[in-house]
$ cat final36.tsv   # TSV, C-alpha atoms and all ligand atoms
chain	number	residue	atom	x	y	z
A	1	MET	CA	117.88	183.26	-28.33
A	2	ARG	CA	115.59	184.79	-30.98
A	3	SER	CA	111.92	185.08	-30.17
A	4	ALA	CA	108.94	185.15	-32.51
A	5	MET	CA	105.23	185.61	-31.97
A	6	ALA	CA	102.98	182.63	-32.68
A	7	HIS	CA	101.14	182.64	-35.98
A	8	PHE	CA	97.36	182.66	-36.17
A	9	SER	CA	95.48	181.20	-39.12
A	10	ARG	CA	93.18	183.38	-41.22
A	11	ARG	CA	90.23	181.32	-39.96
A	12	THR	CA	89.83	183.87	-37.17
A	13	PRO	CA	89.73	187.60	-38.02
A	14	ASP	CA	92.54	189.98	-37.03
A	15	ASP	CA	90.09	192.64	-35.94
A	16	GLN	CA	87.74	191.41	-33.25
A	17	ARG	CA	86.55	194.79	-32.05
A	18	PRO	CA	82.77	195.14	-31.65
A	19	ASN	CA	80.91	197.05	-34.37
A	20	ARG	CA	79.41	200.48	-33.63
A	21	LEU	CA	76.06	199.10	-32.60
A	22	ALA	CA	77.54	196.53	-30.20
A	23	ALA	CA	79.80	199.26	-28.79
A	24	ALA	CA	76.77	201.54	-28.25
A	25	ARG	CA	74.95	198.73	-26.50
A	26	ALA	CA	77.92	198.05	-24.23
A	27	ARG	CA	78.16	201.76	-23.44
A	28	LEU	CA	74.43	202.24	-22.74
A	29	GLY	CA	73.85	198.99	-20.82
A	30	GLU	CA	70.93	196.62	-21.37
A	31	PRO	CA	68.01	198.29	-23.18
A	32	GLU	CA	64.65	198.44	-21.41
A	33	LEU	CA	63.06	196.59	-24.32
A	34	ASP	CA	65.03	194.10	-26.36
A	35	LEU	CA	63.41	193.33	-29.69
A	36	THR	CA	66.49	191.35	-30.75
A	37	GLU	CA	65.94	188.65	-28.12
A	38	SER	CA	66.24	185.32	-29.90
A	39	ASN	CA	66.96	183.16	-26.86
A	40	PRO	CA	63.62	181.45	-26.13
A	41	THR	CA	64.69	180.53	-22.59
A	42	ARG	CA	64.67	184.23	-21.70
A	43	CYS	CA	61.18	184.90	-23.08
A	44	ARG	CA	58.92	183.65	-20.28
A	45	LEU	CA	57.65	180.66	-22.19
A	46	PRO	CA	55.84	177.85	-20.33
A	47	TYR	CA	58.47	175.09	-20.26
A	48	PRO	CA	57.00	171.97	-18.54
A	49	GLU	CA	58.80	171.41	-15.22
A	50	ASP	CA	59.51	167.79	-16.07
A	51	LEU	CA	60.88	168.58	-19.53
A	52	LEU	CA	64.43	167.62	-18.64
A	53	ASP	CA	63.58	164.54	-16.55
A	54	ALA	CA	64.67	162.12	-19.26
A	55	LEU	CA	68.23	163.48	-19.10
A	56	ALA	CA	68.60	161.55	-15.84
A	57	ASP	CA	68.06	158.18	-17.55
A	58	PRO	CA	70.60	155.86	-15.85
A	59	ARG	CA	71.51	154.39	-19.24
A	60	GLY	CA	73.38	157.68	-19.69
A	61	LEU	CA	75.94	156.43	-17.17
A	62	ALA	CA	77.40	154.17	-19.84
A	63	TYR	CA	79.41	155.68	-22.67
A	64	GLN	CA	78.55	154.14	-26.02
A	65	PRO	CA	80.46	156.04	-28.70
A	66	GLU	CA	78.40	156.13	-31.90
A	67	PRO	CA	79.47	158.66	-34.56
A	68	LYS	CA	75.97	159.01	-36.06
A	69	GLY	CA	74.38	159.36	-32.60
A	70	LEU	CA	72.51	156.70	-30.62
A	71	LEU	CA	69.82	154.83	-32.53
A	72	GLU	CA	67.04	155.89	-30.09
A	73	GLY	CA	67.76	159.53	-30.88
A	74	ARG	CA	68.00	159.02	-34.63
A	75	ALA	CA	64.77	157.01	-34.69
A	76	ALA	CA	62.98	159.79	-32.79
A	77	VAL	CA	64.21	162.40	-35.29
A	78	ALA	CA	63.20	160.15	-38.21
A	79	ARG	CA	59.66	159.99	-36.75
A	80	GLN	CA	59.50	163.81	-36.86
A	81	TYR	CA	59.60	163.66	-40.64
A	82	LEU	CA	56.44	161.51	-40.72
A	83	GLY	CA	54.70	164.78	-39.85
A	84	TRP	CA	55.85	166.07	-43.26
A	85	GLY	CA	54.74	162.82	-44.91
A	86	ILE	CA	58.31	161.51	-45.26
A	87	GLU	CA	59.51	158.07	-44.19
A	88	LEU	CA	63.22	158.07	-43.39
A	89	GLU	CA	65.21	155.18	-41.99
A	90	PRO	CA	67.21	156.16	-38.87
A	91	GLU	CA	70.30	155.23	-40.93
A	92	ARG	CA	69.73	158.43	-42.88
A	93	ILE	CA	69.81	160.62	-39.77
A	94	MET	CA	72.95	161.90	-38.09
A	95	LEU	CA	72.83	163.67	-34.73
A	96	THR	CA	75.02	166.73	-34.16
A	97	ALA	CA	75.50	169.11	-31.25
A	98	SER	CA	73.71	171.92	-33.12
A	99	THR	CA	72.71	173.05	-36.58
A	100	SER	CA	75.79	175.25	-36.67
A	101	GLU	CA	77.95	172.19	-36.10
A	102	ALA	CA	75.99	170.41	-38.84
A	103	TYR	CA	76.98	173.19	-41.27
A	104	GLY	CA	80.62	172.76	-40.24
A	105	PHE	CA	80.46	168.98	-40.78
A	106	LEU	CA	78.88	169.44	-44.21
A	107	MET	CA	81.47	171.99	-45.28
A	108	ARG	CA	84.18	169.50	-44.31
A	109	LEU	CA	82.36	166.72	-46.11
A	110	LEU	CA	81.77	168.61	-49.35
A	111	ALA	CA	84.39	171.34	-49.78
A	112	ASP	CA	88.16	171.57	-49.91
A	113	PRO	CA	89.81	174.80	-48.72
A	114	GLY	CA	88.92	177.56	-51.19
A	115	ASP	CA	85.89	175.73	-52.60
A	116	ARG	CA	82.63	177.63	-52.69
A	117	LEU	CA	79.22	177.42	-51.14
A	118	LEU	CA	76.18	179.23	-52.54
A	119	VAL	CA	74.22	181.00	-49.81
A	120	PRO	CA	71.05	183.12	-49.93
A	121	THR	CA	71.20	186.82	-49.21
A	122	PRO	CA	69.65	188.34	-47.15
A	123	SER	CA	69.91	185.52	-44.63
A	124	TYR	CA	71.38	184.18	-41.44
A	125	PRO	CA	74.57	186.10	-40.59
A	126	LEU	CA	76.50	183.17	-39.10
A	127	PHE	CA	77.31	181.71	-42.56
A	128	ASP	CA	80.33	184.01	-42.89
A	129	GLN	CA	81.86	182.84	-39.65
A	130	LEU	CA	81.13	179.16	-40.25
A	131	ALA	CA	82.60	179.27	-43.76
A	132	ARG	CA	85.66	181.16	-42.62
A	133	LEU	CA	86.35	178.57	-39.94
A	134	GLU	CA	86.24	175.83	-42.57
A	135	ALA	CA	88.31	177.83	-45.12
A	136	VAL	CA	85.38	177.81	-47.55
A	137	SER	CA	84.33	180.82	-49.67
A	138	LEU	CA	80.76	181.98	-49.93
A	139	VAL	CA	79.02	182.99	-53.14
A	140	PRO	CA	75.83	184.87	-52.23
A	141	TYR	CA	72.75	184.54	-54.43
A	142	ALA	CA	69.99	187.12	-54.13
A	143	LEU	CA	66.49	186.63	-52.84
A	144	ASP	CA	64.33	189.15	-54.66
A	145	VAL	CA	62.38	191.41	-52.28
A	146	ASP	CA	60.04	192.47	-55.08
A	147	ASP	CA	59.21	188.87	-55.89
A	148	GLY	CA	58.40	187.56	-52.39
A	149	TRP	CA	62.10	186.84	-51.70
A	150	ARG	CA	62.26	184.19	-54.43
A	151	PRO	CA	65.78	182.95	-55.22
A	152	ASP	CA	67.37	184.43	-58.33
A	153	LEU	CA	67.56	181.28	-60.43
A	154	GLY	CA	69.27	183.11	-63.30
A	155	ALA	CA	72.15	184.15	-61.04
A	156	LEU	CA	72.41	180.61	-59.70
A	157	ALA	CA	72.58	179.14	-63.18
A	158	ALA	CA	75.52	181.48	-63.86
A	159	ALA	CA	77.35	180.50	-60.64
A	160	PRO	CA	81.13	180.16	-60.97
A	161	GLU	CA	83.09	176.91	-61.01
A	162	GLY	CA	84.20	175.48	-57.69
A	163	CYS	CA	80.78	175.59	-56.00
A	164	ARG	CA	80.12	172.43	-54.03
A	165	ALA	CA	76.76	173.04	-52.41
A	166	LEU	CA	73.72	175.28	-52.52
A	167	VAL	CA	72.21	176.35	-49.20
A	168	VAL	CA	68.52	177.15	-48.83
A	169	VAL	CA	66.96	178.35	-45.58
A	170	HIS	CA	63.34	177.22	-45.50
A	171	PRO	CA	61.79	179.42	-44.18
A	172	ASN	CA	64.56	181.96	-44.37
A	173	ASN	CA	65.80	183.99	-41.41
A	174	PRO	CA	64.83	186.85	-41.19
A	175	THR	CA	62.63	187.24	-44.31
A	176	GLY	CA	60.38	184.32	-43.31
A	177	SER	CA	60.11	183.25	-46.95
A	178	PHE	CA	59.60	179.61	-47.91
A	179	ILE	CA	60.97	178.03	-51.06
A	180	ALA	CA	57.91	177.40	-53.24
A	181	PRO	CA	57.64	173.80	-54.53
A	182	GLU	CA	58.18	174.96	-58.11
A	183	ASP	CA	61.46	176.69	-57.16
A	184	ALA	CA	62.49	173.77	-54.95
A	185	GLY	CA	62.16	171.49	-57.97
A	186	ARG	CA	64.22	173.81	-60.16
A	187	LEU	CA	66.91	174.21	-57.52
A	188	ALA	CA	67.20	170.44	-57.10
A	189	GLU	CA	67.50	169.98	-60.89
A	190	LEU	CA	70.18	172.65	-61.02
A	191	CYS	CA	72.09	170.97	-58.18
A	192	ARG	CA	71.88	167.67	-60.02
A	193	ALA	CA	73.08	169.20	-63.27
A	194	ARG	CA	75.99	171.03	-61.65
A	195	GLY	CA	77.03	168.33	-59.18
A	196	TRP	CA	76.18	170.46	-56.16
A	197	ALA	CA	74.79	169.09	-52.94
A	198	LEU	CA	71.73	170.81	-51.52
A	199	ILE	CA	71.77	171.90	-47.87
A	200	ALA	CA	68.31	172.80	-46.57
A	201	ASP	CA	68.19	174.57	-43.23
A	202	GLU	CA	64.70	173.92	-41.86
A	203	VAL	CA	65.17	174.97	-38.25
A	204	PHE	CA	62.13	177.27	-38.50
A	205	LEU	CA	59.88	174.93	-40.52
A	206	PRO	CA	57.67	174.14	-37.48
A	207	TYR	CA	56.79	177.86	-37.25
A	208	PRO	CA	54.54	178.98	-40.10
A	209	LEU	CA	53.16	182.52	-39.68
A	210	ASP	CA	51.50	183.81	-42.84
A	211	GLY	CA	52.59	180.55	-44.51
A	212	GLY	CA	52.87	180.39	-48.29
A	213	PRO	CA	53.59	177.83	-51.01
A	214	GLY	CA	56.03	175.24	-49.67
A	215	CYS	CA	55.33	175.90	-46.00
A	216	ASP	CA	54.09	172.34	-45.57
A	217	ARG	CA	56.99	170.66	-47.37
A	218	SER	CA	60.37	169.46	-46.19
A	219	PHE	CA	63.40	169.13	-48.45
A	220	ALA	CA	64.05	165.76	-46.81
A	221	ALA	CA	61.75	164.35	-49.51
A	222	THR	CA	64.16	165.41	-52.29
A	223	SER	CA	65.32	162.51	-54.42
A	224	VAL	CA	66.80	164.37	-57.40
A	225	CYS	CA	70.11	165.48	-55.83
A	226	LEU	CA	72.14	164.70	-52.72
A	227	THR	CA	70.35	166.67	-50.00
A	228	PHE	CA	71.14	167.38	-46.37
A	229	THR	CA	68.22	168.71	-44.32
A	230	LEU	CA	69.04	170.38	-41.02
A	231	GLY	CA	67.00	170.80	-37.87
A	232	GLY	CA	67.52	170.97	-34.13
A	233	LEU	CA	66.07	171.29	-30.65
A	234	SER	CA	67.25	174.87	-30.30
A	235	LYS	CA	64.34	176.03	-32.44
A	236	SER	CA	61.99	173.02	-32.64
A	237	ILE	CA	61.35	172.99	-28.88
A	238	GLY	CA	63.18	176.14	-27.81
A	239	LEU	CA	66.06	174.41	-26.00
A	240	PRO	CA	69.34	175.72	-27.46
A	241	GLN	CA	71.22	174.76	-24.29
A	242	LEU	CA	70.65	171.03	-24.82
A	243	LYS	CA	72.90	171.03	-27.87
A	244	LEU	CA	71.12	168.61	-30.16
A	245	GLY	CA	70.72	169.08	-33.89
A	246	TRP	CA	70.51	166.72	-36.82
A	247	ILE	CA	71.15	166.13	-40.50
A	248	ALA	CA	68.72	164.07	-42.61
A	249	VAL	CA	70.36	162.70	-45.75
A	250	SER	CA	68.29	162.10	-48.87
A	251	GLY	CA	68.75	161.97	-52.64
A	252	PRO	CA	69.63	159.46	-55.34
A	253	THR	CA	70.01	155.99	-53.78
A	254	GLU	CA	73.44	155.44	-55.34
A	255	GLU	CA	74.85	158.59	-53.70
A	256	LEU	CA	73.65	157.92	-50.17
A	257	PRO	CA	76.04	155.23	-48.82
A	258	ALA	CA	79.23	157.19	-49.54
A	259	ALA	CA	77.75	160.44	-48.24
A	260	ILE	CA	76.63	158.81	-44.99
A	261	ALA	CA	79.89	156.90	-44.48
A	262	ARG	CA	82.01	160.02	-45.05
A	263	LEU	CA	79.80	162.12	-42.81
A	264	GLU	CA	80.25	159.47	-40.17
A	265	TYR	CA	84.01	159.78	-40.62
A	266	VAL	CA	83.77	163.53	-39.86
A	267	ALA	CA	81.54	162.99	-36.81
A	268	ASP	CA	83.74	160.16	-35.51
A	269	ALA	CA	86.57	162.64	-34.96
A	270	TYR	CA	84.46	164.61	-32.47
A	271	LEU	CA	81.69	162.37	-31.07
A	272	SER	CA	80.16	165.62	-29.89
A	273	VAL	CA	76.60	164.58	-29.01
A	274	GLY	CA	76.15	163.76	-25.32
A	275	THR	CA	74.72	160.33	-24.48
A	276	PRO	CA	72.04	161.72	-22.07
A	277	VAL	CA	70.57	164.08	-24.64
A	278	ALA	CA	70.60	161.46	-27.40
A	279	LEU	CA	68.79	159.00	-25.11
A	280	ALA	CA	66.32	161.68	-24.07
A	281	ALA	CA	65.53	162.81	-27.63
A	282	PRO	CA	62.32	160.71	-28.00
A	283	TYR	CA	60.91	162.13	-24.75
A	284	LEU	CA	62.11	165.68	-25.44
A	285	LEU	CA	60.62	165.81	-28.91
A	286	GLU	CA	57.27	164.62	-27.55
A	287	ARG	CA	57.18	166.52	-24.23
A	288	GLY	CA	58.52	169.68	-25.88
A	289	LEU	CA	55.51	170.04	-28.19
A	290	PRO	CA	53.64	172.41	-25.81
A	291	VAL	CA	56.72	174.68	-25.93
A	292	GLN	CA	56.68	174.62	-29.71
A	293	ARG	CA	52.99	175.52	-29.67
A	294	ALA	CA	53.59	178.32	-27.15
A	295	ILE	CA	56.40	179.78	-29.28
A	296	ALA	CA	54.23	179.56	-32.39
A	297	SER	CA	51.30	181.33	-30.74
A	298	ARG	CA	53.62	183.98	-29.21
A	299	CYS	CA	55.09	184.75	-32.64
A	300	ARG	CA	51.65	184.91	-34.26
A	301	ALA	CA	50.23	187.15	-31.52
A	302	ASN	CA	53.21	189.52	-31.72
A	303	LEU	CA	53.06	189.65	-35.51
A	304	ALA	CA	49.34	190.53	-35.37
A	305	ARG	CA	50.04	193.24	-32.75
A	306	LEU	CA	52.90	194.61	-34.83
A	307	ARG	CA	50.62	194.90	-37.86
A	308	GLU	CA	47.88	196.53	-35.82
A	309	LEU	CA	50.25	199.11	-34.31
A	310	ALA	CA	52.03	199.77	-37.62
A	311	SER	CA	48.71	200.29	-39.42
A	312	THR	CA	48.56	203.78	-37.90
A	313	ALA	CA	52.20	204.56	-38.78
A	314	PRO	CA	52.26	205.52	-42.46
A	315	ALA	CA	56.08	205.58	-42.62
A	316	VAL	CA	56.47	201.95	-41.55
A	317	THR	CA	55.46	198.79	-43.44
A	318	VAL	CA	55.54	195.28	-42.06
A	319	LEU	CA	56.67	192.87	-44.78
A	320	PRO	CA	54.88	189.53	-45.24
A	321	ALA	CA	56.26	186.99	-42.77
A	322	GLY	CA	55.89	183.43	-44.07
A	323	GLY	CA	57.39	181.69	-41.06
A	324	GLY	CA	60.01	181.83	-38.32
A	325	TRP	CA	60.64	184.00	-35.30
A	326	SER	CA	61.15	187.45	-36.79
A	327	ALA	CA	59.53	190.23	-38.76
A	328	VAL	CA	61.03	192.70	-41.20
A	329	LEU	CA	60.00	196.36	-41.12
A	330	ARG	CA	60.44	198.72	-44.01
A	331	VAL	CA	61.28	202.21	-42.71
A	332	PRO	CA	62.25	205.43	-44.50
A	333	SER	CA	66.00	205.48	-45.14
A	334	LEU	CA	66.57	208.92	-43.65
A	335	VAL	CA	69.64	207.71	-41.82
A	336	ASP	CA	71.45	204.41	-42.36
A	337	ASP	CA	70.05	201.38	-40.55
A	338	GLU	CA	72.91	201.14	-38.07
A	339	GLU	CA	72.49	204.83	-37.21
A	340	LEU	CA	68.77	204.28	-36.71
A	341	ALA	CA	69.34	201.24	-34.47
A	342	ILE	CA	71.79	203.26	-32.35
A	343	HIS	CA	69.32	206.15	-32.20
A	344	LEU	CA	66.58	203.75	-30.99
A	345	LEU	CA	68.89	202.49	-28.26
A	346	GLU	CA	69.87	205.97	-27.15
A	347	ALA	CA	66.53	207.77	-27.47
A	348	ALA	CA	64.03	205.00	-26.73
A	349	SER	CA	66.04	202.26	-24.98
A	350	VAL	CA	64.84	199.69	-27.54
A	351	ALA	CA	67.12	197.25	-29.32
A	352	VAL	CA	66.33	196.21	-32.91
A	353	HIS	CA	68.48	194.62	-35.61
A	354	PRO	CA	69.54	196.89	-38.46
A	355	GLY	CA	68.86	195.27	-41.85
A	356	TYR	CA	72.52	195.32	-42.90
A	357	LEU	CA	73.26	192.60	-40.35
A	358	PHE	CA	71.39	190.22	-42.66
A	359	GLU	CA	72.61	191.96	-45.84
A	360	MET	CA	69.23	193.37	-46.77
A	361	PRO	CA	69.16	194.90	-50.25
A	362	GLY	CA	69.88	198.50	-49.24
A	363	GLU	CA	68.93	200.76	-46.37
A	364	GLY	CA	65.53	201.12	-44.74
A	365	TYR	CA	65.10	197.73	-43.09
A	366	LEU	CA	64.78	196.82	-39.42
A	367	VAL	CA	64.36	193.30	-38.07
A	368	VAL	CA	62.55	192.50	-34.83
A	369	SER	CA	62.27	189.23	-32.95
A	370	LEU	CA	58.72	188.00	-32.37
A	371	LEU	CA	59.71	186.04	-29.25
A	372	PRO	CA	59.54	188.64	-26.43
A	373	PRO	CA	56.56	188.52	-24.05
A	374	GLU	CA	53.57	190.27	-25.64
A	375	GLU	CA	53.48	193.36	-23.39
A	376	PHE	CA	57.22	194.04	-23.82
A	377	PHE	CA	56.99	193.49	-27.53
A	378	ALA	CA	54.05	195.89	-27.97
A	379	GLU	CA	55.73	198.61	-25.91
A	380	GLY	CA	58.98	198.16	-27.85
A	381	VAL	CA	57.12	198.45	-31.15
A	382	ARG	CA	55.27	201.57	-29.96
A	383	ARG	CA	58.59	203.20	-29.14
A	384	VAL	CA	60.12	202.24	-32.49
A	385	LEU	CA	57.13	203.63	-34.38
A	386	ALA	CA	57.13	206.85	-32.33
A	387	ALA	CA	60.87	207.35	-32.89
A	388	VAL	CA	60.61	206.76	-36.64
A	389	ASP	CA	57.60	209.09	-36.79
A	390	ALA	CA	59.57	211.79	-34.97
A	391	LEU	CA	62.51	211.38	-37.37
A	392	VAL	CA	60.24	211.62	-40.42
A	393	GLY	CA	58.37	214.60	-39.01
A	394	GLY	CA	61.42	216.36	-37.66
A	401	LIG	C1	68.53	179.89	-39.97
A	401	LIG	C2	69.30	179.37	-38.81
A	401	LIG	N1	69.98	178.22	-38.91
A	401	LIG	C3	70.67	177.73	-37.86
A	401	LIG	C4	70.72	178.37	-36.66
A	401	LIG	C5	71.55	177.79	-35.55
A	401	LIG	O1	70.88	176.86	-34.81
A	401	LIG	P1	71.63	176.01	-33.69
A	401	LIG	O2	71.33	176.64	-32.39
A	401	LIG	O3	71.03	174.63	-33.83
A	401	LIG	O4	73.09	176.00	-34.02
A	401	LIG	C6	70.02	179.57	-36.50
A	401	LIG	C7	70.08	180.30	-35.21
A	401	LIG	O5	69.53	181.36	-35.05
A	401	LIG	C8	69.31	180.08	-37.60
A	401	LIG	O6	68.66	181.26	-37.51

$ encode --input "final36.tsv" --output "structure tokens" --more "lines below"
Ligand SMILES: Cc1ncc(COP(=O)(O)O)c(C=O)c1O
Amino acid sequence: MRSAMAHFSRRTPDDQRPNRLAAARARLGEPELDLTESNPTRCRLPYPEDLLDALADPRGLAYQPEPKGLLEGRAAVARQYLGWGIELEPERIMLTASTSEAYGFLMRLLADPGDRLLVPTPSYPLFDQLARLEAVSLVPYALDVDDGWRPDLGALAAAPEGCRALVVVHPNNPTGSFIAPEDAGRLAELCRARGWALIADEVFLPYPLDGGPGCDRSFAATSVCLTFTLGGLSKSIGLPQLKLGWIAVSGPTEELPAAIARLEYVADAYLSVGTPVALAAPYLLERGLPVQRAIASRCRANLARLRELASTAPAVTVLPAGGGWSAVLRVPSLVDDEELAIHLLEAASVAVHPGYLFEMPGEGYLVVSLLPPEEFFAEGVRRVLAAVDALVGG
């Protein structure tokens, strides 16, 4: 009998080998100081001991399949938007297992295989993987570093046919930049004119740092074009392991019913949100607020320390950080960013992200997480600055 190997789809890459930096990290073992740590549960934050108590609610013993997520959970998420001055009916909220899953659902809702999605660059590196898994192509649009990372509206207006949605990350990861109200208005008009949906990723909106125009506004208020606003517990209260995210649907009244019904059709195939976490959402969102405040003050303290330490390092500049959990450093491009990150691992046992991971516009960018405990963070920064100084001097 003939034999043949099974076929794999192109949704997963042929080459799954780690890149040079990941290989160096595997070879060298865990660094002494990890300035790439983005898992809040590993950052010595004060989680209240009773934070997970509501997961034991006995009502969780009954399975009540509900594609949009249980009403209690959706109502609690809707109440969150009152903080941004927006009244949303729970009908306009859909629970998901994470923001990443929400992206997947929206790609399935809006795009056929081969259709396109406009995404900001530099930005969150997972877009490539998520789009590939849904057989969607990405069309990057630039955020201009010399103009406070504003979106290039000219490039967007010239976007090719076949685009189905425009993604904004507000504030963006890792540049921390918010979409200013004026630009938000123009983007919504453009979406309306071109028949694109708007996907606004606001996972870091509760974390203003330097702030900036738009930092107090949510896209969930958009009425001009069909808009999907994303958030989730992984960032809002630092609990990625609970697997609860959400999509808030807004826009022209006549477009909402079909969008919600079709989104429900997608979610109904998976029913991925656990009953205990959906029931616990009201309690978690309330009881998790001290964690949110602790993360916010950690990020602010680390950013201030970073600026203070960098002020005596002429070769390094800390870029403005509107909001979020990271900071971008401008360093001399003596070697490429990956080379520099490997050098920092080898010579100083500090891990940082090279800018290329986020598709920064050229060499000379490092990204650090602002989450690590203050003393680790400061020591890591000292080592980075000393290593860069030695490279420049030497
Ligand atoms: C901008 C942005 N969106 C979404 C996510 C994913 O969030 P979740 O854990 O809810 O999938 C991240 C994670 O780092 C992120 O940085």

$ closest_residue --input "final36.tsv" --among "A:Ser297, A:Ser333, A:Gln16, A:Thr121" --to "Val169 in chain A" --atoms "all atoms listed in the file"
A:Thr121

$ residues_near_ligand --input "final36.tsv" --ligand "ligand LIG 401 (chain A)" --cutoff "7 Å" --atoms "all atoms listed in the file" --output "ChimeraX atom specification"
/A:98-101,124,169,172-173,201,203,231-235,240,245

$ residues_around --input "final36.tsv" --residues "Ala188 in chain A" --least-positions-apart "5" --cutoff "9 Å" --atoms "all atoms listed in the file" --output "ChimeraX atom specification"
/A:183,193,197-198,222-227

$ residues_near_point --input "final36.tsv" --point "(85.1, 170.4, -46.4)" --cutoff "12 Å" --atoms "only C-alpha atoms" --output "JSON, numbers by chain"
{"A": [102, 103, 104, 105, 106, 107, 108, 109, 110, 111, 112, 113, 114, 115, 116, 117, 130, 131, 132, 133, 134, 135, 136, 137, 163, 164, 165, 262, 263, 266]}

$ residues_around --input "final36.tsv" --residues "Val368 in chain A" --least-positions-apart "4" --cutoff "6 Å" --atoms "only C-alpha atoms" --output "ChimeraX atom specification"
/A:35-36,326-327,352

$ atom_distance --input "final36.tsv" --atom1 "CA of Pro13 in chain A" --atom2 "CA of Tyr270 in chain A"
24.2 Å

$ closest_residue --input "final36.tsv" --among "A:His353, A:Arg192, A:Arg330, A:Arg293" --to "Leu385 in chain A" --atoms "all atoms listed in the file"
A:Arg330

$ closest_residue --input "final36.tsv" --among "A:Leu244, A:Leu143, A:Val318, A:Ala78" --to "Leu279 in chain A" --atoms "all atoms listed in the file"
A:Leu244
